[in-house]
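Dumped upload.txt below, it's compact mmCIF, N, CA and C atoms and all ligand atoms:
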```txt
# COMPACT_ATOMS: atom_id res chain seq x y z
N MET N 1 23.17 177.23 168.55
CA MET N 1 23.84 177.59 167.29
C MET N 1 25.23 178.17 167.57
N LEU N 2 26.22 177.68 166.89
CA LEU N 2 27.56 178.22 167.05
C LEU N 2 27.87 179.15 165.89
N LYS N 3 28.39 180.31 166.21
CA LYS N 3 28.88 181.17 165.13
C LYS N 3 30.15 180.56 164.58
N GLU N 4 30.42 180.83 163.32
CA GLU N 4 31.54 180.14 162.68
C GLU N 4 32.90 180.59 163.18
N GLU N 5 33.08 181.88 163.30
CA GLU N 5 34.41 182.37 163.60
C GLU N 5 34.37 183.67 164.37
N TYR N 6 35.31 183.82 165.28
CA TYR N 6 35.44 185.07 166.02
C TYR N 6 36.85 185.59 165.87
N ASP N 7 36.99 186.91 165.92
CA ASP N 7 38.32 187.46 166.04
C ASP N 7 38.80 187.20 167.46
N PRO N 8 40.03 186.79 167.62
CA PRO N 8 40.51 186.56 168.99
C PRO N 8 40.58 187.87 169.77
N ILE N 9 40.33 187.76 171.05
CA ILE N 9 40.53 188.90 171.94
C ILE N 9 41.55 188.47 172.97
N TYR N 10 42.55 189.31 173.16
CA TYR N 10 43.61 188.96 174.10
C TYR N 10 43.40 189.67 175.42
N VAL N 11 43.77 188.98 176.51
CA VAL N 11 43.65 189.59 177.82
C VAL N 11 45.02 189.63 178.50
N MET N 12 45.10 190.54 179.47
CA MET N 12 46.32 190.71 180.25
C MET N 12 46.09 190.00 181.58
N ALA N 13 46.69 188.83 181.74
CA ALA N 13 46.42 188.06 182.95
C ALA N 13 47.46 186.96 183.11
N ASP N 14 47.50 186.42 184.31
CA ASP N 14 48.37 185.27 184.59
C ASP N 14 47.63 184.01 184.13
N GLY N 15 48.09 183.46 183.02
CA GLY N 15 47.38 182.35 182.38
C GLY N 15 47.14 181.16 183.28
N ASP N 16 48.16 180.79 184.07
CA ASP N 16 48.00 179.62 184.95
C ASP N 16 46.93 179.87 186.01
N ARG N 17 46.93 181.09 186.54
CA ARG N 17 45.95 181.43 187.58
C ARG N 17 44.53 181.47 187.00
N ILE N 18 44.41 182.00 185.80
CA ILE N 18 43.07 182.09 185.19
C ILE N 18 42.57 180.69 184.83
N LYS N 19 43.49 179.83 184.45
CA LYS N 19 43.12 178.44 184.18
C LYS N 19 42.58 177.80 185.47
N GLN N 20 43.29 178.05 186.57
CA GLN N 20 42.86 177.52 187.87
C GLN N 20 41.49 178.06 188.27
N LEU N 21 41.30 179.34 188.02
CA LEU N 21 40.02 179.99 188.35
C LEU N 21 38.88 179.37 187.54
N LEU N 22 39.08 179.27 186.24
CA LEU N 22 38.01 178.74 185.37
C LEU N 22 37.74 177.27 185.69
N THR N 23 38.80 176.52 185.99
CA THR N 23 38.61 175.11 186.36
C THR N 23 37.71 175.00 187.58
N ASN N 24 37.93 175.86 188.56
CA ASN N 24 37.09 175.86 189.75
C ASN N 24 35.63 176.15 189.42
N LEU N 25 35.40 177.13 188.56
CA LEU N 25 34.01 177.48 188.22
C LEU N 25 33.35 176.37 187.39
N PHE N 26 34.12 175.78 186.45
CA PHE N 26 33.56 174.70 185.63
C PHE N 26 33.22 173.50 186.52
N GLU N 27 34.15 173.20 187.44
CA GLU N 27 33.95 172.06 188.32
C GLU N 27 32.70 172.25 189.19
N ASN N 28 32.54 173.45 189.73
CA ASN N 28 31.34 173.72 190.54
C ASN N 28 30.08 173.58 189.69
N SER N 29 30.14 174.05 188.45
CA SER N 29 28.94 174.00 187.60
C SER N 29 28.50 172.56 187.34
N ILE N 30 29.47 171.65 187.37
CA ILE N 30 29.14 170.23 187.18
C ILE N 30 28.73 169.61 188.51
N LYS N 31 29.51 169.92 189.54
CA LYS N 31 29.29 169.32 190.86
C LYS N 31 27.93 169.73 191.44
N TYR N 32 27.54 170.95 191.20
CA TYR N 32 26.26 171.44 191.73
C TYR N 32 25.23 171.53 190.60
N GLY N 33 25.51 170.82 189.54
CA GLY N 33 24.57 170.75 188.43
C GLY N 33 23.62 169.59 188.62
N LYS N 34 22.80 169.40 187.62
CA LYS N 34 21.91 168.23 187.69
C LYS N 34 22.39 167.22 186.65
N PRO N 35 21.96 165.95 186.77
CA PRO N 35 22.38 164.97 185.77
C PRO N 35 21.98 165.46 184.38
N ASN N 36 22.88 165.31 183.43
CA ASN N 36 22.66 165.82 182.07
C ASN N 36 22.42 167.31 181.99
N GLY N 37 22.90 168.01 183.00
CA GLY N 37 22.78 169.47 182.98
C GLY N 37 23.76 170.09 181.99
N ARG N 38 23.67 171.41 181.86
CA ARG N 38 24.52 172.11 180.91
C ARG N 38 25.29 173.22 181.57
N THR N 39 26.51 173.42 181.10
CA THR N 39 27.30 174.59 181.50
C THR N 39 27.48 175.44 180.26
N LYS N 40 27.16 176.71 180.39
CA LYS N 40 27.33 177.62 179.25
C LYS N 40 28.41 178.65 179.59
N ILE N 41 29.35 178.83 178.69
CA ILE N 41 30.40 179.83 178.87
C ILE N 41 30.13 180.96 177.88
N SER N 42 29.99 182.18 178.39
CA SER N 42 29.72 183.32 177.51
C SER N 42 30.80 184.38 177.68
N PHE N 43 31.08 185.07 176.60
CA PHE N 43 32.07 186.15 176.61
C PHE N 43 31.41 187.43 176.13
N PHE N 44 31.60 188.51 176.85
CA PHE N 44 31.04 189.80 176.45
C PHE N 44 32.16 190.82 176.35
N ASP N 45 32.20 191.48 175.25
CA ASP N 45 33.21 192.51 175.02
C ASP N 45 32.73 193.82 175.65
N MET N 46 33.42 194.22 176.75
CA MET N 46 32.97 195.39 177.51
C MET N 46 33.97 196.55 177.37
N ASP N 47 34.46 196.79 176.19
CA ASP N 47 35.34 197.95 176.02
C ASP N 47 36.72 197.69 176.63
N GLU N 48 36.91 198.06 177.90
CA GLU N 48 38.21 197.84 178.56
C GLU N 48 38.41 196.38 178.98
N ASN N 49 37.28 195.72 179.24
CA ASN N 49 37.32 194.38 179.82
C ASN N 49 36.56 193.38 178.97
N ILE N 50 36.85 192.12 179.29
CA ILE N 50 36.02 191.03 178.81
C ILE N 50 35.28 190.49 180.02
N LEU N 51 34.00 190.29 179.86
CA LEU N 51 33.22 189.63 180.91
C LEU N 51 33.04 188.18 180.50
N VAL N 52 33.47 187.27 181.38
CA VAL N 52 33.30 185.83 181.13
C VAL N 52 32.26 185.32 182.11
N GLU N 53 31.23 184.70 181.59
CA GLU N 53 30.18 184.17 182.47
C GLU N 53 30.10 182.65 182.35
N VAL N 54 30.02 182.00 183.50
CA VAL N 54 29.85 180.55 183.57
C VAL N 54 28.48 180.29 184.17
N THR N 55 27.60 179.74 183.37
CA THR N 55 26.20 179.56 183.78
C THR N 55 25.86 178.08 183.82
N ASP N 56 25.22 177.67 184.91
CA ASP N 56 24.74 176.29 184.96
C ASP N 56 23.23 176.28 185.18
N ASP N 57 22.66 175.10 184.96
CA ASP N 57 21.22 174.95 185.21
C ASP N 57 21.02 173.95 186.35
N GLY N 58 21.81 174.15 187.38
CA GLY N 58 21.84 173.22 188.51
C GLY N 58 20.95 173.63 189.66
N ILE N 59 21.39 173.28 190.88
CA ILE N 59 20.54 173.42 192.06
C ILE N 59 20.38 174.86 192.51
N GLY N 60 21.30 175.74 192.10
CA GLY N 60 21.20 177.14 192.49
C GLY N 60 21.58 177.37 193.95
N ILE N 61 21.56 178.64 194.35
CA ILE N 61 22.01 179.04 195.69
C ILE N 61 21.01 180.05 196.24
N GLU N 62 20.58 179.83 197.45
CA GLU N 62 19.65 180.79 198.06
C GLU N 62 20.35 182.12 198.31
N GLU N 63 19.59 183.17 198.15
CA GLU N 63 20.09 184.54 198.30
C GLU N 63 20.88 184.76 199.60
N LYS N 64 20.40 184.18 200.69
CA LYS N 64 21.03 184.42 202.00
C LYS N 64 22.47 183.91 202.06
N HIS N 65 22.85 183.01 201.16
CA HIS N 65 24.22 182.49 201.17
C HIS N 65 25.17 183.31 200.30
N LEU N 66 24.62 184.10 199.40
CA LEU N 66 25.47 184.68 198.35
C LEU N 66 26.59 185.55 198.91
N SER N 67 26.31 186.30 199.97
CA SER N 67 27.33 187.22 200.48
C SER N 67 28.51 186.49 201.14
N ARG N 68 28.30 185.25 201.55
CA ARG N 68 29.38 184.52 202.24
C ARG N 68 30.07 183.48 201.36
N LEU N 69 29.60 183.34 200.15
CA LEU N 69 30.02 182.27 199.26
C LEU N 69 31.53 182.22 199.01
N PHE N 70 32.16 183.39 199.02
CA PHE N 70 33.58 183.47 198.66
C PHE N 70 34.50 183.37 199.88
N GLU N 71 33.90 183.15 201.06
CA GLU N 71 34.72 182.97 202.26
C GLU N 71 35.39 181.59 202.25
N ARG N 72 36.54 181.51 202.86
CA ARG N 72 37.23 180.21 202.96
C ARG N 72 36.37 179.23 203.75
N PHE N 73 36.30 178.03 203.28
CA PHE N 73 35.61 176.90 203.91
C PHE N 73 34.09 177.02 203.95
N TYR N 74 33.55 178.07 203.32
CA TYR N 74 32.09 178.19 203.34
C TYR N 74 31.46 177.23 202.34
N ARG N 75 30.53 176.42 202.85
CA ARG N 75 29.77 175.52 201.97
C ARG N 75 28.31 175.68 202.31
N VAL N 76 27.45 175.65 201.30
CA VAL N 76 26.04 175.95 201.53
C VAL N 76 25.39 174.82 202.31
N ASP N 77 25.46 173.63 201.81
CA ASP N 77 24.77 172.51 202.44
C ASP N 77 25.36 171.24 201.84
N LYS N 78 26.14 170.56 202.66
CA LYS N 78 26.92 169.44 202.14
C LYS N 78 26.05 168.34 201.54
N SER N 79 24.84 168.24 202.02
CA SER N 79 23.99 167.13 201.55
C SER N 79 23.41 167.39 200.17
N ARG N 80 23.51 168.64 199.69
CA ARG N 80 22.81 168.94 198.44
C ARG N 80 23.60 168.55 197.19
N SER N 81 24.92 168.57 197.31
CA SER N 81 25.68 168.39 196.08
C SER N 81 25.67 166.92 195.66
N ARG N 82 25.74 166.70 194.38
CA ARG N 82 25.75 165.34 193.86
C ARG N 82 26.99 164.62 194.32
N GLU N 83 28.03 165.38 194.44
CA GLU N 83 29.31 164.81 194.82
C GLU N 83 29.76 165.52 196.09
N ALA N 84 29.66 164.82 197.20
CA ALA N 84 30.01 165.47 198.47
C ALA N 84 31.53 165.59 198.58
N GLY N 85 32.01 166.21 199.63
CA GLY N 85 33.42 166.15 199.92
C GLY N 85 34.25 167.29 199.39
N GLY N 86 33.63 168.41 199.07
CA GLY N 86 34.40 169.59 198.71
C GLY N 86 35.02 170.20 199.96
N THR N 87 35.93 171.12 199.76
CA THR N 87 36.60 171.75 200.90
C THR N 87 36.00 173.11 201.23
N GLY N 88 35.29 173.69 200.31
CA GLY N 88 34.80 175.05 200.50
C GLY N 88 35.89 176.08 200.25
N LEU N 89 36.97 175.64 199.61
CA LEU N 89 38.08 176.57 199.35
C LEU N 89 38.06 177.14 197.93
N GLY N 90 37.42 176.41 197.01
CA GLY N 90 37.49 176.78 195.59
C GLY N 90 37.15 178.23 195.31
N LEU N 91 36.02 178.68 195.80
CA LEU N 91 35.60 180.05 195.48
C LEU N 91 36.43 181.11 196.19
N SER N 92 37.02 180.74 197.35
CA SER N 92 37.89 181.72 198.01
C SER N 92 39.17 181.90 197.19
N ILE N 93 39.62 180.82 196.57
CA ILE N 93 40.79 180.91 195.69
C ILE N 93 40.44 181.74 194.44
N VAL N 94 39.27 181.46 193.90
CA VAL N 94 38.79 182.21 192.72
C VAL N 94 38.78 183.72 193.02
N LYS N 95 38.25 184.06 194.18
CA LYS N 95 38.15 185.47 194.55
C LYS N 95 39.54 186.09 194.74
N HIS N 96 40.41 185.32 195.35
CA HIS N 96 41.78 185.78 195.57
C HIS N 96 42.47 186.08 194.23
N ILE N 97 42.29 185.20 193.27
CA ILE N 97 42.91 185.36 191.95
C ILE N 97 42.36 186.61 191.26
N ILE N 98 41.05 186.78 191.36
CA ILE N 98 40.43 187.94 190.71
C ILE N 98 40.91 189.25 191.34
N GLU N 99 41.02 189.24 192.66
CA GLU N 99 41.50 190.46 193.34
C GLU N 99 42.94 190.77 192.99
N ALA N 100 43.76 189.71 192.84
CA ALA N 100 45.15 189.92 192.46
C ALA N 100 45.25 190.54 191.05
N HIS N 101 44.21 190.36 190.26
CA HIS N 101 44.18 190.95 188.92
C HIS N 101 43.43 192.29 188.91
N ASN N 102 43.02 192.77 190.07
CA ASN N 102 42.20 194.00 190.17
C ASN N 102 40.93 193.92 189.35
N GLN N 103 40.36 192.75 189.32
CA GLN N 103 39.13 192.56 188.55
C GLN N 103 37.99 192.15 189.49
N THR N 104 36.82 191.90 188.92
CA THR N 104 35.64 191.65 189.77
C THR N 104 35.01 190.30 189.47
N ILE N 105 34.35 189.79 190.50
CA ILE N 105 33.54 188.58 190.32
C ILE N 105 32.15 188.85 190.87
N THR N 106 31.15 188.36 190.17
CA THR N 106 29.77 188.51 190.65
C THR N 106 29.08 187.16 190.52
N VAL N 107 28.05 187.00 191.32
CA VAL N 107 27.25 185.77 191.21
C VAL N 107 25.78 186.15 191.27
N ARG N 108 25.01 185.49 190.43
CA ARG N 108 23.56 185.58 190.57
C ARG N 108 23.02 184.17 190.45
N SER N 109 21.94 183.91 191.18
CA SER N 109 21.47 182.54 191.24
C SER N 109 20.01 182.48 191.63
N THR N 110 19.34 181.48 191.12
CA THR N 110 17.96 181.20 191.51
C THR N 110 17.88 179.74 191.90
N PRO N 111 17.49 179.46 193.16
CA PRO N 111 17.40 178.07 193.59
C PRO N 111 16.52 177.26 192.64
N GLY N 112 17.02 176.10 192.26
CA GLY N 112 16.25 175.22 191.38
C GLY N 112 16.36 175.57 189.91
N VAL N 113 16.94 176.71 189.60
CA VAL N 113 17.05 177.13 188.19
C VAL N 113 18.51 177.12 187.74
N GLY N 114 19.38 177.70 188.56
CA GLY N 114 20.80 177.68 188.22
C GLY N 114 21.53 178.92 188.69
N SER N 115 22.81 178.95 188.36
CA SER N 115 23.70 180.02 188.83
C SER N 115 24.56 180.54 187.69
N THR N 116 24.92 181.81 187.82
CA THR N 116 25.87 182.41 186.88
C THR N 116 26.96 183.11 187.66
N PHE N 117 28.20 182.71 187.41
CA PHE N 117 29.36 183.41 187.96
C PHE N 117 30.01 184.21 186.84
N GLY N 118 30.23 185.49 187.10
CA GLY N 118 30.81 186.36 186.08
C GLY N 118 32.12 186.96 186.55
N ILE N 119 33.15 186.84 185.73
CA ILE N 119 34.43 187.48 186.06
C ILE N 119 34.83 188.42 184.92
N THR N 120 35.56 189.46 185.30
CA THR N 120 36.09 190.35 184.27
C THR N 120 37.57 190.12 184.11
N LEU N 121 38.06 190.33 182.89
CA LEU N 121 39.49 190.27 182.61
C LEU N 121 39.85 191.50 181.79
N LYS N 122 41.03 192.01 182.03
CA LYS N 122 41.46 193.22 181.34
C LYS N 122 41.97 192.87 179.94
N LYS N 123 41.45 193.57 178.97
CA LYS N 123 41.91 193.33 177.60
C LYS N 123 43.34 193.82 177.42
N ALA N 124 44.10 193.09 176.65
CA ALA N 124 45.44 193.54 176.30
C ALA N 124 45.31 194.63 175.25
N LYS N 125 46.20 195.61 175.35
CA LYS N 125 46.20 196.70 174.36
C LYS N 125 46.61 196.15 172.99
N PRO N 126 45.86 196.52 171.95
CA PRO N 126 46.27 196.06 170.63
C PRO N 126 47.59 196.70 170.23
N ASN N 127 48.41 195.96 169.50
CA ASN N 127 49.71 196.50 169.08
C ASN N 127 49.55 197.57 168.01
N1 LIG Z 201 27.53 176.54 190.53
C1 LIG Z 201 27.07 176.37 191.79
N2 LIG Z 201 25.77 176.02 192.01
C2 LIG Z 201 25.31 175.86 193.28
N3 LIG Z 201 26.04 176.02 194.40
C3 LIG Z 201 27.34 176.37 194.23
C4 LIG Z 201 27.92 176.57 192.94
N4 LIG Z 201 29.21 176.91 193.10
C5 LIG Z 201 29.42 176.93 194.42
N5 LIG Z 201 28.31 176.60 195.12
C6 LIG Z 201 28.16 176.54 196.59
O1 LIG Z 201 29.19 177.31 197.16
C7 LIG Z 201 29.96 176.54 198.08
C8 LIG Z 201 31.41 176.99 198.01
O2 LIG Z 201 32.00 176.60 196.76
P1 LIG Z 201 33.53 176.22 196.73
O3 LIG Z 201 34.29 177.30 197.43
O4 LIG Z 201 33.92 175.90 195.32
O5 LIG Z 201 33.62 174.94 197.66
P2 LIG Z 201 33.36 173.38 197.38
O6 LIG Z 201 33.00 173.19 195.92
O7 LIG Z 201 34.66 172.74 197.75
O8 LIG Z 201 32.26 173.02 198.31
C9 LIG Z 201 29.73 175.09 197.65
O9 LIG Z 201 29.88 174.22 198.74
C10 LIG Z 201 28.32 175.13 197.13
O10 LIG Z 201 27.42 174.97 198.21
MG MG Z 202 34.25 174.01 194.40
```

Structure encoded using structure tokens:
Amino acid sequence: MLKEEYDPIYVMADGDRIKQLLTNLFENSIKYGKPNGRTKISFFDMDENILVEVTDDGIGIEEKHLSRLFERFYRVDKSRSREAGGTGLGLSIVKHIIEAHNQTITVRSTPGVGSTFGITLKKAKPN
């Protein structure tokens, strides 16, 4: 169910970089998703910040990999993805962008069920 209308919420961020970040997360959600899988984008109003979550119902990630996921060139298992040939750079770029914004990224995942990547963005002060 879609709600009809929301008041816009503005954030303080480098738009091009955030576009690049979200593109990376959306792309992963499809690449490591299942055929006819779904990507859900959620927004949570957290007072000072907005929490944006990208959730897929794909192959998921084992716990033991989670701490290294944001390292450059780290890939879990090349044979698992529907589309091979990634560089393992996407999430390191995502992390770099988030750190440049002094914000946070988190991941939670259950193998075989799916993954959720959450980033925070700083709300712009209302005029
Ligand atoms: N949504 C996801 N579901 C399952 N595994 C993921 C997801 N996103 C990233 N991964 C795992 O993390 C690794 C690193 O991701 P990334 O840095 O974007 O590199 P790439 O997509 O080029 O392999 C991927 O190789 C994949 O194993
Ligand atoms: Mg990627």

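The set of protein, DNA and RNA residues with any counted atom at most 5 Å from (35.4, 176.7, 204.6) (only N, CA and C atoms) reads N:Arg72, N:Phe73, N:Tyr74, N:Thr87, N:Gly88.
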
Selection above as a file: N, CA and C atoms, as a JSON list (two decimals), in the frame of the given file:
```json
[["chain", "number", "residue", "atom", "x", "y", "z"],
["N", 72, "ARG", "N", 36.54, 181.51, 202.86],
["N", 72, "ARG", "CA", 37.23, 180.21, 202.96],
["N", 72, "ARG", "C", 36.37, 179.23, 203.75],
["N", 73, "PHE", "N", 36.30, 178.03, 203.28],
["N", 73, "PHE", "CA", 35.61, 176.90, 203.91],
["N", 73, "PHE", "C", 34.09, 177.02, 203.95],
["N", 74, "TYR", "N", 33.55, 178.07, 203.32],
["N", 74, "TYR", "CA", 32.09, 178.19, 203.34],
["N", 74, "TYR", "C", 31.46, 177.23, 202.34],
["N", 87, "THR", "N", 35.93, 171.12, 199.76],
["N", 87, "THR", "CA", 36.60, 171.75, 200.90],
["N", 87, "THR", "C", 36.00, 173.11, 201.23],
["N", 88, "GLY", "N", 35.29, 173.69, 200.31],
["N", 88, "GLY", "CA", 34.80, 175.05, 200.50],
["N", 88, "GLY", "C", 35.89, 176.08, 200.25]]
```

Could you list, as a PDB file with N, CA and C atoms, in the frame of the given file, all residues that come within 8 Å of ligand MG 202 (chain Z)? Count only N, CA and C atoms and all ligand atoms.
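selection_38.pdb was written with the following content:
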```pdb
ATOM      1  N   THR N  23      38.800 176.520 185.990  1.00  0.00           N
ATOM      2  CA  THR N  23      38.610 175.110 186.360  1.00  0.00           C
ATOM      3  C   THR N  23      37.710 175.000 187.580  1.00  0.00           C
ATOM      4  N   ASN N  24      37.930 175.860 188.560  1.00  0.00           N
ATOM      5  CA  ASN N  24      37.090 175.860 189.750  1.00  0.00           C
ATOM      6  C   ASN N  24      35.630 176.150 189.420  1.00  0.00           C
ATOM      7  N   LEU N  25      35.400 177.130 188.560  1.00  0.00           N
ATOM      8  CA  LEU N  25      34.010 177.480 188.220  1.00  0.00           C
ATOM      9  C   LEU N  25      33.350 176.370 187.390  1.00  0.00           C
ATOM     10  N   PHE N  26      34.120 175.780 186.450  1.00  0.00           N
ATOM     11  CA  PHE N  26      33.560 174.700 185.630  1.00  0.00           C
ATOM     12  C   PHE N  26      33.220 173.500 186.520  1.00  0.00           C
ATOM     13  N   GLU N  27      34.150 173.200 187.440  1.00  0.00           N
ATOM     14  CA  GLU N  27      33.950 172.060 188.320  1.00  0.00           C
ATOM     15  C   GLU N  27      32.700 172.250 189.190  1.00  0.00           C
ATOM     16  N   ASN N  28      32.540 173.450 189.730  1.00  0.00           N
ATOM     17  CA  ASN N  28      31.340 173.720 190.540  1.00  0.00           C
ATOM     18  C   ASN N  28      30.080 173.580 189.690  1.00  0.00           C
ATOM     19  N   SER N  29      30.140 174.050 188.450  1.00  0.00           N
ATOM     20  CA  SER N  29      28.940 174.000 187.600  1.00  0.00           C
ATOM     21  C   SER N  29      28.500 172.560 187.340  1.00  0.00           C
ATOM     22  N   LYS N  31      29.510 169.920 189.540  1.00  0.00           N
ATOM     23  CA  LYS N  31      29.290 169.320 190.860  1.00  0.00           C
ATOM     24  C   LYS N  31      27.930 169.730 191.440  1.00  0.00           C
ATOM     25  N   GLY N  86      33.630 168.410 199.070  1.00  0.00           N
ATOM     26  CA  GLY N  86      34.400 169.590 198.710  1.00  0.00           C
ATOM     27  C   GLY N  86      35.020 170.200 199.960  1.00  0.00           C
ATOM     28  N   THR N  87      35.930 171.120 199.760  1.00  0.00           N
ATOM     29  CA  THR N  87      36.600 171.750 200.900  1.00  0.00           C
ATOM     30  C   THR N  87      36.000 173.110 201.230  1.00  0.00           C
ATOM     31  N   GLY N  88      35.290 173.690 200.310  1.00  0.00           N
ATOM     32  CA  GLY N  88      34.800 175.050 200.500  1.00  0.00           C
ATOM     33  C   GLY N  88      35.890 176.080 200.250  1.00  0.00           C
ATOM     34  N   LEU N  89      36.970 175.640 199.610  1.00  0.00           N
ATOM     35  CA  LEU N  89      38.080 176.570 199.350  1.00  0.00           C
ATOM     36  C   LEU N  89      38.060 177.140 197.930  1.00  0.00           C
ATOM     37  N   GLY N  90      37.420 176.410 197.010  1.00  0.00           N
ATOM     38  CA  GLY N  90      37.490 176.780 195.590  1.00  0.00           C
ATOM     39  C   GLY N  90      37.150 178.230 195.310  1.00  0.00           C
ATOM     40  N   LEU N  91      36.020 178.680 195.800  1.00  0.00           N
ATOM     41  CA  LEU N  91      35.600 180.050 195.480  1.00  0.00           C
ATOM     42  C   LEU N  91      36.430 181.110 196.190  1.00  0.00           C
ATOM     43  N   SER N  92      37.020 180.740 197.350  1.00  0.00           N
ATOM     44  CA  SER N  92      37.890 181.720 198.010  1.00  0.00           C
ATOM     45  C   SER N  92      39.170 181.900 197.190  1.00  0.00           C
TER      46      SER N  92
END
```

Pick from N:Ile50, N:Gly118, N:Ala13, N:Gly60 nearest to N:His101, counting only N, CA and C atoms: N:Ala13

Run DSSP on the backbone of this structure and report the residues of chain N it assigns to helix (DSSP H, G or I), as a PyMOL selection string. chain N and resi 15-31+63-66+90-100

Please determine, counting all atoms listed in the file, which residue among N:Ile9, N:Phe44, N:Val94, N:Glu63 has the shortest atom-to-atom distance to N:Leu22.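 Counting all atoms listed in the file, the residue closest to N:Leu22 is N:Val94.
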
Would you be able to write out as a PDB file with N, CA and C atoms, in the frame of the given file which residues have an atom within 8 Å of (20.9, 176.8, 179.7) in the file's coordinates, counting only N, CA and C atoms?
```
ATOM      1  N   GLY N  37      22.900 168.010 183.000  1.00  0.00           N
ATOM      2  CA  GLY N  37      22.780 169.470 182.980  1.00  0.00           C
ATOM      3  C   GLY N  37      23.760 170.090 181.990  1.00  0.00           C
ATOM      4  N   ARG N  38      23.670 171.410 181.860  1.00  0.00           N
ATOM      5  CA  ARG N  38      24.520 172.110 180.910  1.00  0.00           C
ATOM      6  C   ARG N  38      25.290 173.220 181.570  1.00  0.00           C
ATOM      7  N   THR N  39      26.510 173.420 181.100  1.00  0.00           N
ATOM      8  CA  THR N  39      27.300 174.590 181.500  1.00  0.00           C
ATOM      9  C   THR N  39      27.480 175.440 180.260  1.00  0.00           C
ATOM     10  N   LYS N  40      27.160 176.710 180.390  1.00  0.00           N
ATOM     11  CA  LYS N  40      27.330 177.620 179.250  1.00  0.00           C
ATOM     12  C   LYS N  40      28.410 178.650 179.590  1.00  0.00           C
ATOM     13  N   THR N  55      27.600 179.740 183.370  1.00  0.00           N
ATOM     14  CA  THR N  55      26.200 179.560 183.780  1.00  0.00           C
ATOM     15  C   THR N  55      25.860 178.080 183.820  1.00  0.00           C
ATOM     16  N   ASP N  56      25.220 177.670 184.910  1.00  0.00           N
ATOM     17  CA  ASP N  56      24.740 176.290 184.960  1.00  0.00           C
ATOM     18  C   ASP N  56      23.230 176.280 185.180  1.00  0.00           C
ATOM     19  N   ASP N  57      22.660 175.100 184.960  1.00  0.00           N
ATOM     20  CA  ASP N  57      21.220 174.950 185.210  1.00  0.00           C
ATOM     21  C   ASP N  57      21.020 173.950 186.350  1.00  0.00           C
TER      22      ASP N  57
END
```

Shortest contact to ligand LIG 201 (chain Z), candidates N:Pro8, N:Gly114, N:Pro126, N:Pro35, atoms counted all atoms listed in the file, goes to N:Gly114

Just the number, please: distance in Å from atom C of N:Ile41 to atom C of N:Ile119, one decimal. 11.3 Å

Of the candidates N:Lys123, N:Ile30, N:Ser42, N:Ala100, which shows the shortest atom-to-atom distance to ligand LIG 201 (chain Z), using only N, CA and C atoms and all ligand atoms?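 Of N:Lys123, N:Ile30, N:Ser42, N:Ala100, the one nearest ligand LIG 201 (chain Z) is N:Ile30, counting only N, CA and C atoms and all ligand atoms.
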
Go ahead and compute the interatomic distance for atom C of N:Glu99 and atom CA of N:Val11, in Å to one decimal.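 Atom CA of N:Val11 lies 15.2 Å from atom C of N:Glu99.
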
Which of these, N:Arg75, N:Arg17, N:Lys64, N:Lys34, has the shortest distance to ligand LIG 201 (chain Z) once you count all atoms listed in the file? N:Arg75

What lies within 6 Å of N:Thr120 using only N, CA and C atoms, ignoring chain neighbours under 3 positions off, as a PyMOL selection string? chain N and resi 50-52+103-105

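Proximity of N:Ile93, N:Ile98, N:Val113, N:Leu21 to N:Ile61, computed with only C-alpha atoms, is greatest for N:Val113.
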
Enclosing box along x, y and z for every listed atom of stretch 100-108 of chain N, padded 4 Å each side, centre and size in Å, one decimal, as lines of an AutoDock Vina configuration file:
```
center_x = 34.1
center_y = 189.1
center_z = 190.7
size_x = 30.2
size_y = 17.8
size_z = 12.3
```
